[in-house]
Structure formats: C-alpha cells, structure tokens
file run00.cif (mmCIF, C-alpha atoms and all ligand atoms)
data_query
#
loop_
_atom_site.label_atom_id
_atom_site.label_comp_id
_atom_site.auth_asym_id
_atom_site.auth_seq_id
_atom_site.Cartn_x
_atom_site.Cartn_y
_atom_site.Cartn_z
CA MET A 14 22.24 -53.53 -52.08
CA SER A 15 19.22 -52.08 -50.33
CA LYS A 16 16.62 -50.12 -52.31
CA VAL A 17 15.58 -49.73 -55.96
CA PHE A 18 14.50 -46.54 -57.73
CA TYR A 19 12.80 -47.31 -61.04
CA GLY A 20 12.99 -45.32 -64.25
CA MET A 21 12.38 -45.85 -67.98
CA SER A 22 15.82 -45.82 -69.54
CA GLY A 23 19.48 -46.36 -68.76
CA SER A 24 20.02 -42.64 -69.31
CA ASP A 25 17.48 -41.49 -66.72
CA ALA A 26 18.72 -44.10 -64.23
CA ASN A 27 22.22 -42.61 -64.52
CA GLU A 28 20.78 -39.11 -63.97
CA THR A 29 19.30 -40.53 -60.78
CA GLN A 30 22.71 -41.95 -59.82
CA ALA A 31 24.35 -38.52 -60.16
CA LYS A 32 21.67 -36.95 -57.96
CA LEU A 33 22.15 -39.73 -55.41
CA VAL A 34 25.90 -39.04 -55.27
CA TRP A 35 25.29 -35.31 -54.83
CA TYR A 36 22.46 -35.71 -52.29
CA TYR A 37 24.49 -38.26 -50.29
CA ASN A 38 27.47 -35.93 -50.01
CA ASN A 39 25.32 -32.93 -49.13
CA LEU A 40 23.69 -34.93 -46.35
CA ARG A 41 27.11 -36.04 -45.10
CA GLY A 42 28.22 -32.41 -44.84
CA LYS A 43 30.62 -32.70 -47.79
CA PRO A 44 29.02 -30.24 -50.21
CA SER A 45 32.11 -29.90 -52.41
CA LYS A 46 32.45 -33.66 -53.04
CA LYS A 47 30.55 -33.62 -56.33
CA LYS A 48 32.68 -34.45 -59.33
CA ILE A 49 31.96 -37.79 -60.99
CA ILE A 50 34.68 -39.55 -62.94
CA SER A 51 33.90 -41.79 -65.90
CA ARG A 52 36.09 -43.38 -68.57
CA GLU A 53 36.88 -42.46 -72.13
CA ARG A 54 34.86 -44.76 -74.38
CA GLY A 55 32.41 -45.49 -71.56
CA TYR A 56 28.74 -45.27 -72.58
CA HIS A 57 26.16 -44.20 -70.01
CA GLY A 58 23.39 -42.64 -72.07
CA CYS A 59 22.77 -39.38 -73.88
CA SER A 60 20.77 -37.11 -71.57
CA ILE A 61 22.54 -34.13 -69.94
CA VAL A 62 24.39 -35.86 -67.09
CA SER A 63 24.49 -39.36 -68.56
CA GLY A 64 25.63 -37.91 -71.91
CA SER A 65 28.38 -36.08 -70.03
CA MET A 66 29.39 -39.37 -68.38
CA THR A 67 29.59 -40.97 -71.81
CA GLY A 68 33.23 -40.70 -72.85
CA MET A 69 32.70 -40.16 -76.57
CA SER A 70 33.26 -36.71 -78.02
CA PHE A 71 30.53 -37.05 -80.65
CA TYR A 72 27.97 -37.17 -77.82
CA HIS A 73 29.32 -33.81 -76.58
CA ASP A 74 30.35 -31.79 -79.60
CA HIS A 75 28.17 -28.77 -80.35
CA MET A 76 25.91 -29.61 -77.41
CA ASP A 77 27.82 -27.85 -74.62
CA LEU A 78 28.73 -31.14 -72.96
CA PRO A 79 30.26 -32.54 -70.85
CA LEU A 80 29.10 -30.67 -67.75
CA PRO A 81 32.02 -29.44 -65.62
CA GLN A 82 31.07 -31.88 -62.81
CA ILE A 83 31.94 -34.84 -65.03
CA VAL A 84 35.61 -35.70 -65.67
CA HIS A 85 37.04 -38.52 -67.77
CA THR A 86 39.93 -40.90 -67.19
CA GLY A 87 41.70 -43.38 -69.49
CA VAL A 88 39.99 -46.23 -71.31
CA PRO A 89 40.70 -49.71 -69.91
CA HIS A 90 41.73 -51.23 -73.22
CA HIS A 91 45.09 -52.97 -73.10
CA TYR A 92 45.35 -53.64 -76.84
CA TRP A 93 45.42 -49.95 -77.81
CA GLY A 94 46.47 -48.36 -74.54
CA ARG A 95 49.48 -50.42 -73.51
CA ASN A 96 53.03 -49.14 -73.51
CA PRO A 97 55.60 -51.35 -75.27
CA GLY A 98 56.02 -54.60 -73.34
CA GLU A 99 53.42 -53.68 -70.71
CA THR A 100 51.46 -56.67 -69.37
CA GLU A 101 47.71 -56.44 -68.69
CA ARG A 102 48.38 -56.30 -64.96
CA GLU A 103 50.97 -53.53 -65.32
CA PHE A 104 48.59 -51.61 -67.57
CA SER A 105 45.78 -51.96 -64.99
CA THR A 106 48.12 -50.76 -62.23
CA ARG A 107 48.97 -47.73 -64.37
CA ARG A 108 45.29 -46.96 -64.96
CA GLY A 109 44.81 -47.12 -61.17
CA GLU A 110 47.76 -44.75 -60.61
CA GLU A 111 46.41 -42.35 -63.23
CA LEU A 112 43.04 -42.32 -61.47
CA ASP A 113 44.77 -41.67 -58.15
CA GLN A 114 46.70 -38.75 -59.67
CA LEU A 115 43.54 -37.34 -61.25
CA ILE A 116 41.70 -37.41 -57.91
CA GLU A 117 44.69 -35.79 -56.17
CA ARG A 118 44.73 -33.09 -58.84
CA LEU A 119 40.99 -32.40 -58.51
CA GLY A 120 41.20 -32.69 -54.72
CA PRO A 121 39.67 -35.78 -53.07
CA GLU A 122 37.29 -33.41 -51.24
CA ASN A 123 35.83 -32.55 -54.67
CA VAL A 124 35.34 -36.07 -56.08
CA GLY A 125 32.12 -37.88 -55.17
CA GLY A 126 31.68 -40.73 -57.63
CA PHE A 127 33.13 -42.97 -60.31
CA ILE A 128 30.98 -44.69 -62.94
CA GLY A 129 32.01 -47.58 -65.16
CA GLU A 130 30.57 -50.49 -67.08
CA PRO A 131 32.03 -53.78 -65.83
CA VAL A 132 32.70 -54.54 -69.52
CA LEU A 133 32.85 -51.60 -71.94
CA GLY A 134 29.86 -52.03 -74.24
CA THR A 135 29.23 -49.40 -76.92
CA GLY A 136 32.90 -48.43 -76.55
CA GLY A 137 33.88 -51.66 -78.30
CA ILE A 138 32.77 -54.69 -76.21
CA THR A 139 36.01 -54.69 -74.27
CA PRO A 140 36.42 -56.81 -71.13
CA PRO A 141 38.59 -55.21 -68.45
CA PRO A 142 42.27 -56.12 -68.43
CA GLU A 143 43.47 -58.39 -65.64
CA GLY A 144 43.51 -56.67 -62.26
CA TYR A 145 41.75 -53.54 -63.54
CA TRP A 146 38.80 -53.42 -61.16
CA GLN A 147 40.96 -54.29 -58.16
CA ALA A 148 43.29 -51.39 -58.99
CA ILE A 149 40.40 -48.95 -59.51
CA GLN A 150 38.48 -49.98 -56.39
CA ALA A 151 41.53 -49.58 -54.16
CA VAL A 152 41.88 -45.95 -55.30
CA LEU A 153 38.15 -45.22 -54.85
CA LYS A 154 38.21 -46.65 -51.31
CA LYS A 155 41.30 -44.61 -50.45
CA HIS A 156 39.55 -41.38 -51.47
CA ASP A 157 36.04 -42.19 -50.18
CA VAL A 158 34.54 -42.08 -53.69
CA LEU A 159 31.28 -43.93 -54.48
CA LEU A 160 31.39 -46.57 -57.21
CA ILE A 161 28.48 -46.76 -59.65
CA ALA A 162 28.48 -49.98 -61.70
CA ASP A 163 26.58 -49.38 -64.93
CA GLU A 164 25.17 -52.86 -65.56
CA VAL A 165 22.78 -51.81 -68.33
CA ILE A 166 24.42 -54.32 -70.69
CA THR A 167 26.11 -56.71 -68.26
CA GLY A 168 23.15 -57.12 -65.88
CA PHE A 169 21.08 -60.33 -65.94
CA GLY A 170 23.52 -62.82 -67.38
CA ARG A 171 25.36 -61.43 -70.40
CA THR A 172 28.85 -62.15 -68.99
CA GLY A 173 27.95 -65.63 -67.74
CA SER A 174 27.31 -64.34 -64.20
CA MET A 175 24.04 -62.71 -63.14
CA PHE A 176 25.87 -59.36 -62.87
CA GLY A 177 29.14 -58.18 -64.34
CA SER A 178 30.06 -56.94 -60.86
CA GLN A 179 29.94 -60.52 -59.55
CA HIS A 180 31.97 -61.69 -62.52
CA TYR A 181 34.81 -59.27 -61.84
CA GLY A 182 34.69 -58.96 -58.05
CA ILE A 183 33.32 -55.41 -58.14
CA GLU A 184 31.63 -54.12 -54.98
CA PRO A 185 29.57 -51.14 -56.14
CA ASP A 186 27.72 -48.66 -53.94
CA LEU A 187 25.14 -48.00 -56.68
CA VAL A 188 24.12 -50.14 -59.66
CA THR A 189 22.36 -49.10 -62.86
CA ILE A 190 20.21 -51.67 -64.66
CA ALA A 191 17.91 -51.57 -67.72
CA LYS A 192 17.86 -53.60 -70.98
CA GLY A 193 17.96 -57.20 -69.65
CA LEU A 194 15.60 -56.36 -66.77
CA THR A 195 12.67 -56.75 -69.18
CA SER A 196 14.71 -58.20 -72.05
CA ALA A 197 13.83 -54.76 -73.51
CA TYR A 198 10.21 -55.78 -74.17
CA PHE A 199 9.15 -52.76 -72.11
CA PRO A 200 11.10 -49.65 -71.05
CA LEU A 201 12.18 -50.18 -67.44
CA SER A 202 15.41 -49.21 -65.72
CA ALA A 203 16.57 -48.80 -62.15
CA ALA A 204 19.14 -47.22 -59.91
CA ILE A 205 19.88 -49.74 -57.15
CA VAL A 206 21.03 -48.09 -53.95
CA GLY A 207 23.42 -49.81 -51.57
CA GLU A 208 22.95 -49.80 -47.80
CA LYS A 209 25.83 -47.37 -47.21
CA VAL A 210 24.17 -44.65 -49.29
CA TYR A 211 20.64 -45.50 -48.20
CA LYS A 212 21.51 -45.25 -44.52
CA VAL A 213 22.70 -41.66 -44.98
CA MET A 214 19.57 -40.84 -47.00
CA GLU A 215 17.28 -42.35 -44.39
CA ASP A 216 18.90 -40.44 -41.54
CA GLY A 217 19.09 -37.23 -43.61
CA ALA A 218 15.45 -37.31 -44.71
CA ASP A 219 14.41 -36.36 -41.17
CA LYS A 220 16.40 -33.13 -41.54
CA VAL A 221 15.95 -32.14 -45.18
CA GLY A 222 12.80 -33.95 -46.27
CA ALA A 223 12.42 -36.77 -48.77
CA PHE A 224 14.62 -37.32 -51.84
CA SER A 225 12.44 -35.28 -54.20
CA HIS A 226 12.90 -37.17 -57.41
CA GLY A 227 10.44 -39.26 -59.39
CA TYR A 228 8.88 -39.69 -62.80
CA THR A 229 5.24 -40.26 -63.70
CA TYR A 230 6.19 -43.67 -65.05
CA SER A 231 8.62 -44.71 -62.30
CA GLY A 232 7.83 -48.30 -61.37
CA HIS A 233 5.17 -48.59 -64.08
CA PRO A 234 3.08 -51.72 -63.40
CA ILE A 235 3.41 -53.00 -66.96
CA GLY A 236 7.18 -52.67 -66.72
CA ALA A 237 7.16 -54.45 -63.37
CA ALA A 238 5.02 -57.27 -64.83
CA ALA A 239 7.32 -57.59 -67.84
CA ALA A 240 10.36 -57.67 -65.55
CA ASN A 241 8.83 -60.33 -63.31
CA ALA A 242 7.99 -62.51 -66.33
CA VAL A 243 11.45 -62.07 -67.83
CA LEU A 244 13.33 -62.64 -64.57
CA ASP A 245 11.31 -65.84 -63.93
CA ILE A 246 12.61 -67.16 -67.25
CA VAL A 247 16.15 -65.90 -66.63
CA GLU A 248 16.18 -67.89 -63.38
CA LYS A 249 14.19 -70.95 -64.49
CA GLU A 250 16.21 -71.46 -67.66
CA ASP A 251 19.44 -70.37 -65.95
CA LEU A 252 20.32 -67.96 -68.74
CA PRO A 253 23.49 -66.74 -66.98
CA GLY A 254 24.58 -70.41 -66.94
CA ASN A 255 23.76 -70.71 -70.64
CA ALA A 256 25.71 -67.53 -71.36
CA ARG A 257 28.64 -69.03 -69.42
CA ASP A 258 28.61 -72.43 -71.18
CA VAL A 259 27.64 -71.39 -74.70
CA GLY A 260 29.66 -68.20 -74.21
CA ALA A 261 32.86 -70.16 -73.51
CA PHE A 262 32.24 -72.17 -76.69
CA PHE A 263 31.44 -69.00 -78.66
CA GLN A 264 34.61 -67.25 -77.45
CA ALA A 265 36.71 -70.30 -78.34
CA GLN A 266 35.14 -70.40 -81.81
CA LEU A 267 35.83 -66.71 -82.35
CA GLN A 268 39.46 -67.24 -81.35
CA GLU A 269 39.79 -70.30 -83.57
CA LYS A 270 38.30 -68.75 -86.70
CA PHE A 271 39.55 -65.18 -86.46
CA ALA A 272 42.66 -64.78 -84.29
CA GLN A 273 45.03 -65.66 -87.12
CA LEU A 274 43.37 -63.72 -89.94
CA PRO A 275 45.70 -61.03 -91.30
CA ILE A 276 43.19 -58.19 -90.77
CA VAL A 277 42.19 -59.14 -87.21
CA GLY A 278 44.15 -57.36 -84.49
CA GLU A 279 42.19 -58.54 -81.48
CA VAL A 280 39.48 -61.07 -80.71
CA ARG A 281 37.89 -60.33 -77.34
CA GLY A 282 34.81 -60.95 -75.26
CA VAL A 283 33.24 -62.66 -72.30
CA GLY A 284 30.11 -64.80 -72.07
CA LEU A 285 27.73 -63.89 -74.86
CA MET A 286 29.35 -60.61 -75.84
CA GLY A 287 32.30 -60.41 -78.16
CA ALA A 288 34.12 -58.31 -80.73
CA LEU A 289 36.62 -58.48 -83.55
CA GLU A 290 38.90 -55.51 -84.08
CA PHE A 291 40.22 -55.12 -87.64
CA VAL A 292 43.61 -53.54 -88.30
CA ALA A 293 45.67 -52.80 -91.40
CA ASP A 294 48.92 -53.94 -89.77
CA ARG A 295 48.84 -56.52 -86.99
CA LYS A 296 52.54 -56.32 -86.21
CA ASN A 297 52.66 -52.55 -85.74
CA ARG A 298 49.07 -52.22 -84.46
CA LYS A 299 48.03 -49.82 -87.21
CA ARG A 300 44.42 -49.00 -88.00
CA PHE A 301 42.86 -49.05 -91.44
CA ASP A 302 42.31 -45.70 -93.12
CA PRO A 303 38.82 -44.78 -91.79
CA SER A 304 37.66 -43.94 -95.32
CA LEU A 305 37.87 -47.67 -96.14
CA LYS A 306 35.04 -48.21 -93.61
CA VAL A 307 36.19 -51.77 -92.99
CA GLY A 308 34.03 -52.31 -89.88
CA ALA A 309 30.87 -51.03 -91.57
CA ARG A 310 31.57 -53.15 -94.65
CA VAL A 311 31.97 -56.33 -92.58
CA SER A 312 28.78 -55.52 -90.69
CA LYS A 313 26.93 -55.04 -94.01
CA ALA A 314 28.37 -58.28 -95.42
CA ALA A 315 27.20 -60.07 -92.25
CA ARG A 316 23.73 -58.64 -92.59
CA ASP A 317 23.62 -59.71 -96.23
CA ARG A 318 24.20 -63.24 -94.92
CA GLY A 319 21.43 -62.94 -92.33
CA LEU A 320 23.58 -62.05 -89.29
CA ILE A 321 23.12 -58.88 -87.24
CA ALA A 322 26.51 -57.85 -85.86
CA ARG A 323 27.18 -54.23 -85.08
CA ALA A 324 29.89 -51.97 -86.49
CA MET A 325 31.03 -50.21 -83.31
CA PRO A 326 32.04 -46.54 -83.39
CA HIS A 327 35.67 -46.57 -82.15
CA GLY A 328 37.57 -48.07 -85.03
CA ASP A 329 36.86 -51.04 -87.25
CA ILE A 330 35.06 -53.25 -84.78
CA LEU A 331 32.41 -55.90 -85.30
CA GLY A 332 30.41 -56.49 -82.14
CA PHE A 333 28.32 -59.54 -81.19
CA ALA A 334 25.62 -59.76 -78.51
CA PRO A 335 23.59 -62.86 -79.36
CA PRO A 336 20.47 -63.70 -77.32
CA LEU A 337 21.10 -65.36 -73.96
CA VAL A 338 19.13 -68.42 -75.17
CA THR A 339 21.64 -69.06 -77.99
CA THR A 340 22.62 -72.73 -78.41
CA LYS A 341 26.05 -74.06 -79.34
CA GLY A 342 24.74 -74.91 -82.81
CA GLU A 343 23.55 -71.34 -83.26
CA ALA A 344 26.85 -69.98 -81.96
CA GLU A 345 28.60 -72.05 -84.62
CA GLU A 346 26.26 -70.67 -87.26
CA ILE A 347 26.90 -67.07 -86.08
CA VAL A 348 30.65 -67.58 -86.29
CA ALA A 349 30.43 -69.23 -89.72
CA LEU A 350 28.33 -66.36 -91.12
CA ALA A 351 30.72 -63.83 -89.61
CA GLU A 352 33.69 -65.68 -91.09
CA GLY A 353 32.11 -65.54 -94.54
CA ALA A 354 31.54 -61.80 -94.10
CA VAL A 355 35.07 -61.06 -92.87
CA ARG A 356 36.70 -63.15 -95.61
CA SER A 357 34.64 -61.48 -98.32
CA VAL A 358 35.72 -58.00 -97.17
CA MET A 359 39.31 -59.22 -96.85
CA ASP A 360 39.19 -60.48 -100.44
CA ASP A 361 37.78 -57.13 -101.60
CA LEU A 362 40.58 -55.26 -99.83
CA VAL A 363 43.20 -57.43 -101.51
CA ARG A 364 41.51 -57.00 -104.88
CA ASP A 365 41.54 -53.22 -104.37
CA GLY A 366 45.27 -53.32 -103.75
CA GLU A 367 45.34 -52.91 -99.95
CA ARG A 368 48.45 -54.51 -98.48
CA ILE A 369 47.32 -56.75 -95.64
C1 LIG B 1 26.02 -49.27 -70.33
C2 LIG B 1 24.87 -48.39 -70.75
N1 LIG B 1 24.44 -47.47 -69.91
C3 LIG B 1 23.41 -46.66 -70.23
C4 LIG B 1 22.78 -46.78 -71.45
C5 LIG B 1 21.66 -45.85 -71.79
O1 LIG B 1 20.47 -46.52 -71.83
P1 LIG B 1 19.21 -45.93 -72.65
O2 LIG B 1 19.56 -46.01 -74.09
O3 LIG B 1 18.08 -46.82 -72.23
O4 LIG B 1 19.01 -44.52 -72.19
C6 LIG B 1 23.20 -47.75 -72.35
C7 LIG B 1 22.53 -47.91 -73.66
O5 LIG B 1 22.99 -48.57 -74.56
C8 LIG B 1 24.29 -48.59 -72.00
O6 LIG B 1 24.76 -49.51 -72.84
#
call {"tool": "encode", "arguments": {"input": "run00.cif", "output": "structure tokens"}}
result
Amino acid sequence: MSKVFYGMSGSDANETQAKLVWYYNNLRGKPSKKKIISRERGYHGCSIVSGSMTGMSFYHDHMDLPLPQIVHTGVPHHYWGRNPGETEREFSTRRGEELDQLIERLGPENVGGFIGEPVLGTGGITPPPEGYWQAIQAVLKKHDVLLIADEVITGFGRTGSMFGSQHYGIEPDLVTIAKGLTSAYFPLSAAIVGEKVYKVMEDGADKVGAFSHGYTYSGHPIGAAAANAVLDIVEKEDLPGNARDVGAFFQAQLQEKFAQLPIVGEVRGVGLMGALEFVADRKNRKRFDPSLKVGARVSKAARDRGLIARAMPHGDILGFAPPLVTTKGEAEEIVALAEGAVRSVMDDLVRDGERI
C-alpha cells in the first residue's frame, strides 16, 4: 500500500473508495469502467454510495438506493447458501463462477471495482468459506477489476492477524479502515491507496489537476493522536497475537458448549469474533418463525446476565466481538453467560410448546 486518505467514518471512507475507483479509470482512459460489485449481506456504511454497497434491503428501501453503479453478488455463507452435498471449496468455486458470469453480463469494460469485508461483520459474523477469496481474486484479476478490502471490523487484530487481508491471503488494491484505528475513542477512518492506483493518480494529476476531495476534519490531529496512542498499545501488547491465542480458545469453547445444542445450527467465527446461528430444525436447516424473535430473546437474556452480545439482523444470530485484551478466563466467563442465556430461551421455547 502507498498513501492514506483520512476521513471520520467507515461510510465516508467507502465513498472515497468509490471516487478513487472512478477517478482511476477515468485517468486510465476507461470512462465506462465504473460499476462496483459488493455482496449481499455485506455492510459498508449507510451514506449514499456506501449504503448502496451495503447488501441489505432495509438500508435501501424507500430511500431510492442502491445507486445503479452498485451491483450485488451472492453472500459467501456456506451454511445457508450451499447446494445439497456441496463442500465449502465447491461452494467457493461456484461463487467465483457466479461473479465471473455477472461481470461478463455487465461487460468487463463496465466493471471497475469489487468491495468485500474479509469476514462478513454486520451480515452475521461469517468467516469466508475455504477457497473463497482465492476464487474471487482470480476473477477480479482476469477482468482488471480493483479489489477494495473493507477492514473496518477486521483491521488491527480482530481475526488474530493485524489485517483480515493477511489472514486470508487477500491482496487488495484499496483498503478501508476505521473502528480499531482509534479503538473508536475518536472518529477516524481511512482509505488506504495501493501503489497501482496511486501511480495512475500521480501521473494523471499533471493532466487533470489534483484529486479534489477532502473534508474539513480529514486527518484531524486529535484523531491522529488517538490512533498513534492506540496503535502503540496494539503493537506493544501484541493484541493481534492475543486475539489469535485467546480467540482459538474462545472458538473452541463456543464449539464445545453450543455445537450440539438442539437449537444451534452453526457455530462460527475467527479470532475474537464469533456467532451462534439458531434454527428450529437442525437436520433440515429450517429457521425459527421470525415472530418468535429467538435471536433478540437470547441477546436480552445475555444482557440480563451482564453480557453484551448482539442480535444480528439476518436471522436468529447472536454475535460476539469481545475486546482484543480479553483473557482466557474472561472468554470462559463470556461463554458461560451466553450458555445460560441460550439454555434459558431454549427452556422457554420448550415450555411454550415449540418442537426443537
Ligand atoms: C465493515 C464496515 N464497513 C463500514 C462501516 C461503516 O462505518 P461507520 O459506521 O463508521 O460509517 C461499518 C460499520 O459498522 C462496517 O462494519
């Protein structure tokens, strides 16, 4: 990576990324290469372009979004998306083929960028299936499409590597960062620009003038000071290493305590991010009736026990993102509180006559 353009939020950083993709292709003499592909259930913010990138209809409905320049492709979630008998690798290959077909349909001369979170965050804390990023990157290379890695959640250690891109062998052209950059103590985000894009911008600036884009608060000194203080601690205390070690323990605990429960369809996660997906029928992969609000009830039961774990929007999902300084003892405590919450809701469902 080469240069950093600072902003105040993940949303505005992704607006910057879209402009970079468009500016880059204009400077390269490819003015039609403008569409940006994102994934269903991806989350990239809620401003006009970033909200369009977000692959969740409730961020679009009644707000005239998504913009026509933004197109969505299938969610990389093997549990719900797989065909009968399809392995993770086969599923990833299929997602790659679908992307290839989508780009062919739109015309490769019309597709400029692809944006994705290394691990789906708001869309359900879903790590990519095996081979997913390799399959996607091969298609993007083939069609000369820029890859934007949205590391707003995965940046600065959450997966157990400093960046999710490193964790999954992703080689992005542009990277979006926010949250962990200041541990969210101050609003600071950034669009990191890779050398390939920057080189074109640098050469082009002589012809068309500077990249006219900037906010009053871009690179705010208080944000920069907060980021420097936070990143010193991230490095000194090796928080990515802690997320890797404690994260492995946390993931094992989640598997041990939840994988066999009759209402748990999938236990998933990486490092210090994880999720439980609740289903009415494990064998036939059937969801609970949404009116039962199982996810929200588990989240409330957890909170009643002193644990903040989020009910995620796409189904009955309980999401965990404990602090990167979490110890093994605390991870155990988190899992024990969550187990109490899940079992209490399970008991209520049985009492109310649900067949589980
Ligand atoms: C992956 C990702 N990208 C972008 C955003 C948007 O960031 P912000 O809420 O700071 O605009 C978020 C926020 O949760 C996010 O998780």
call {"tool": "axis_aligned_box", "arguments": {"input": "run00.cif", "around": "range 185-202 of chain A", "padding_each_side": "4 Å", "output": "AutoDock Vina command-line options"}}
result
--center_x 19.4 --center_y -53.1 --center_z -64.1 --size_x 28.4 --size_y 18.2 --size_z 28.2
call {"tool": "residues_near_ligand", "arguments": {"input": "run00.cif", "ligand": "ligand LIG 1 (chain B)", "cutoff": "6 Å", "atoms": "all atoms listed in the file", "output": "PDB file with C-alpha atoms, in the frame of the given file"}}
result
ATOM      1  CA  SER A  22      15.820 -45.820 -69.540  1.00  0.00           C
ATOM      2  CA  GLY A  23      19.480 -46.360 -68.760  1.00  0.00           C
ATOM      3  CA  SER A  24      20.020 -42.640 -69.310  1.00  0.00           C
ATOM      4  CA  TYR A  56      28.740 -45.270 -72.580  1.00  0.00           C
ATOM      5  CA  HIS A  57      26.160 -44.200 -70.010  1.00  0.00           C
ATOM      6  CA  GLY A  58      23.390 -42.640 -72.070  1.00  0.00           C
ATOM      7  CA  GLU A 130      30.570 -50.490 -67.080  1.00  0.00           C
ATOM      8  CA  GLY A 134      29.860 -52.030 -74.240  1.00  0.00           C
ATOM      9  CA  ASP A 163      26.580 -49.380 -64.930  1.00  0.00           C
ATOM     10  CA  VAL A 165      22.780 -51.810 -68.330  1.00  0.00           C
ATOM     11  CA  ILE A 166      24.420 -54.320 -70.690  1.00  0.00           C
TER      12      ILE A 166
END
call {"tool": "atom_distance", "arguments": {"input": "run00.cif", "atom1": "CA of Phe271 in chain A", "atom2": "CA of Lys192 in chain A"}}
result
29.1 Å
call {"tool": "closest_residue", "arguments": {"input": "run00.cif", "among": "A:Asp317, A:Glu343, A:Glu164, A:Asp251", "to": "Ala26 in chain A", "atoms": "all atoms listed in the file"}}
result
A:Glu164
call {"tool": "residues_around", "arguments": {"input": "run00.cif", "residues": "Leu285 in chain A", "least_positions_apart": "6", "cutoff": "9 Å", "atoms": "all atoms listed in the file", "output": "PyMOL selection string"}}
result
chain A and resi 170-173+255-257+259-261+263-264+333-337+339
call {"tool": "closest_residue", "arguments": {"input": "run00.cif", "among": "A:Pro185, A:Val62, A:Ile235, A:Ile276", "to": "Val363 in chain A", "atoms": "all atoms listed in the file"}}
result
A:Ile276
call {"tool": "closest_residue", "arguments": {"input": "run00.cif", "among": "A:Thr29, A:Ser105, A:Asn123, A:Thr67", "to": "His156 in chain A", "atoms": "all atoms listed in the file"}}
result
A:Asn123
call {"tool": "closest_residue", "arguments": {"input": "run00.cif", "among": "A:Ala223, A:Ile128, A:Leu331, A:Ile347", "to": "Arg318 in chain A", "atoms": "all atoms listed in the file"}}
result
A:Ile347
call {"tool": "closest_residue", "arguments": {"input": "run00.cif", "among": "A:Gly232, A:Tyr72, A:Met21, A:Ala315", "to": "Glu352 in chain A", "atoms": "all atoms listed in the file"}}
result
A:Ala315
call {"tool": "residues_around", "arguments": {"input": "run00.cif", "residues": "Gln82 in chain A", "least_positions_apart": "2", "cutoff": "8 Å", "atoms": "all atoms listed in the file", "output": "ChimeraX atom specification"}}
result
/A:47-49,80,84
call {"tool": "atom_distance", "arguments": {"input": "run00.cif", "atom1": "CA of Thr135 in chain A", "atom2": "CA of Val280 in chain A"}}
result
16.0 Å
call {"tool": "atom_distance", "arguments": {"input": "run00.cif", "atom1": "CA of Ala204 in chain A", "atom2": "CA of Gly282 in chain A"}}
result
25.9 Å
call {"tool": "closest_residue", "arguments": {"input": "run00.cif", "among": "A:Lys296, A:Val283, A:Ile369, A:Lys16", "to": "Glu215 in chain A", "atoms": "all atoms listed in the file"}}
result
A:Lys16
call {"tool": "residues_around", "arguments": {"input": "run00.cif", "residues": "Ser45 in chain A", "least_positions_apart": "5", "cutoff": "8 Å", "atoms": "all atoms listed in the file", "output": "mmCIF file with C-alpha atoms, keeping the file's coordinate frame"}}
result
data_model
loop_
_atom_site.group_PDB
_atom_site.id
_atom_site.type_symbol
_atom_site.label_atom_id
_atom_site.label_comp_id
_atom_site.auth_asym_id
_atom_site.auth_seq_id
_atom_site.Cartn_x
_atom_site.Cartn_y
_atom_site.Cartn_z
ATOM 1 C CA ASN A 38 27.470 -35.930 -50.010
ATOM 2 C CA GLU A 122 37.290 -33.410 -51.240
ATOM 3 C CA ASN A 123 35.830 -32.550 -54.670
ATOM 4 C CA VAL A 124 35.340 -36.070 -56.080
#
call {"tool": "residues_around", "arguments": {"input": "run00.cif", "residues": "range 196-201 of chain A", "least_positions_apart": "2", "cutoff": "6 Å", "atoms": "only C-alpha atoms", "output": "list in words"}}
result
Gly20, Met21, Ala191, Lys192, Gly193, Leu194 and Gly236 of chain A
call {"tool": "residues_around", "arguments": {"input": "run00.cif", "residues": "Asp113 in chain A", "least_positions_apart": "4", "cutoff": "12 Å", "atoms": "all atoms listed in the file", "output": "list in words"}}
result
Ile50, Thr86, Gly87, Thr106, Arg107, Arg108, Gly109, Glu117, Arg118, Leu119, Gly120, Pro121, Val124, Phe127, Ala148, Ile149, Gln150, Ala151, Val152, Leu153, Lys154, Lys155, His156, Asp157 and Val158 of chain A
call {"tool": "build_atoms", "arguments": {"input": "run00.cif", "residues": "range 278-288 of chain A", "atoms": "N, CA, C and O atoms", "output": "mmCIF file, keeping the file's coordinate frame"}}
result
data_model
loop_
_atom_site.group_PDB
_atom_site.id
_atom_site.type_symbol
_atom_site.label_atom_id
_atom_site.label_comp_id
_atom_site.auth_asym_id
_atom_site.auth_seq_id
_atom_site.Cartn_x
_atom_site.Cartn_y
_atom_site.Cartn_z
ATOM 1 N N GLY A 278 43.154 -57.736 -85.496
ATOM 2 C CA GLY A 278 44.150 -57.360 -84.490
ATOM 3 C C GLY A 278 43.852 -57.971 -83.143
ATOM 4 O O GLY A 278 44.738 -58.422 -82.432
ATOM 5 N N GLU A 279 42.565 -57.992 -82.789
ATOM 6 C CA GLU A 279 42.190 -58.540 -81.480
ATOM 7 C C GLU A 279 40.836 -59.221 -81.564
ATOM 8 O O GLU A 279 39.916 -58.703 -82.200
ATOM 9 N N VAL A 280 40.759 -60.383 -80.908
ATOM 10 C CA VAL A 280 39.480 -61.070 -80.710
ATOM 11 C C VAL A 280 39.231 -61.019 -79.206
ATOM 12 O O VAL A 280 40.093 -61.418 -78.428
ATOM 13 N N ARG A 281 38.087 -60.486 -78.785
ATOM 14 C CA ARG A 281 37.890 -60.330 -77.340
ATOM 15 C C ARG A 281 36.430 -60.571 -76.979
ATOM 16 O O ARG A 281 35.555 -60.536 -77.848
ATOM 17 N N GLY A 282 36.189 -60.779 -75.708
ATOM 18 C CA GLY A 282 34.810 -60.950 -75.260
ATOM 19 C C GLY A 282 34.749 -61.737 -73.986
ATOM 20 O O GLY A 282 35.763 -62.198 -73.452
ATOM 21 N N VAL A 283 33.513 -61.857 -73.491
ATOM 22 C CA VAL A 283 33.240 -62.660 -72.300
ATOM 23 C C VAL A 283 31.784 -63.086 -72.403
ATOM 24 O O VAL A 283 30.939 -62.313 -72.859
ATOM 25 N N GLY A 284 31.485 -64.322 -72.000
ATOM 26 C CA GLY A 284 30.110 -64.800 -72.070
ATOM 27 C C GLY A 284 29.555 -64.611 -73.468
ATOM 28 O O GLY A 284 30.231 -64.899 -74.462
ATOM 29 N N LEU A 285 28.336 -64.081 -73.542
ATOM 30 C CA LEU A 285 27.730 -63.890 -74.860
ATOM 31 C C LEU A 285 27.837 -62.430 -75.295
ATOM 32 O O LEU A 285 26.856 -61.790 -75.677
ATOM 33 N N MET A 286 29.038 -61.900 -75.209
ATOM 34 C CA MET A 286 29.350 -60.610 -75.840
ATOM 35 C C MET A 286 30.785 -60.702 -76.350
ATOM 36 O O MET A 286 31.670 -61.203 -75.669
ATOM 37 N N GLY A 287 30.970 -60.263 -77.586
ATOM 38 C CA GLY A 287 32.300 -60.410 -78.160
ATOM 39 C C GLY A 287 32.532 -59.414 -79.271
ATOM 40 O O GLY A 287 31.600 -58.771 -79.760
ATOM 41 N N ALA A 288 33.796 -59.263 -79.659
ATOM 42 C CA ALA A 288 34.120 -58.310 -80.730
ATOM 43 C C ALA A 288 35.381 -58.738 -81.466
ATOM 44 O O ALA A 288 36.261 -59.401 -80.913
#
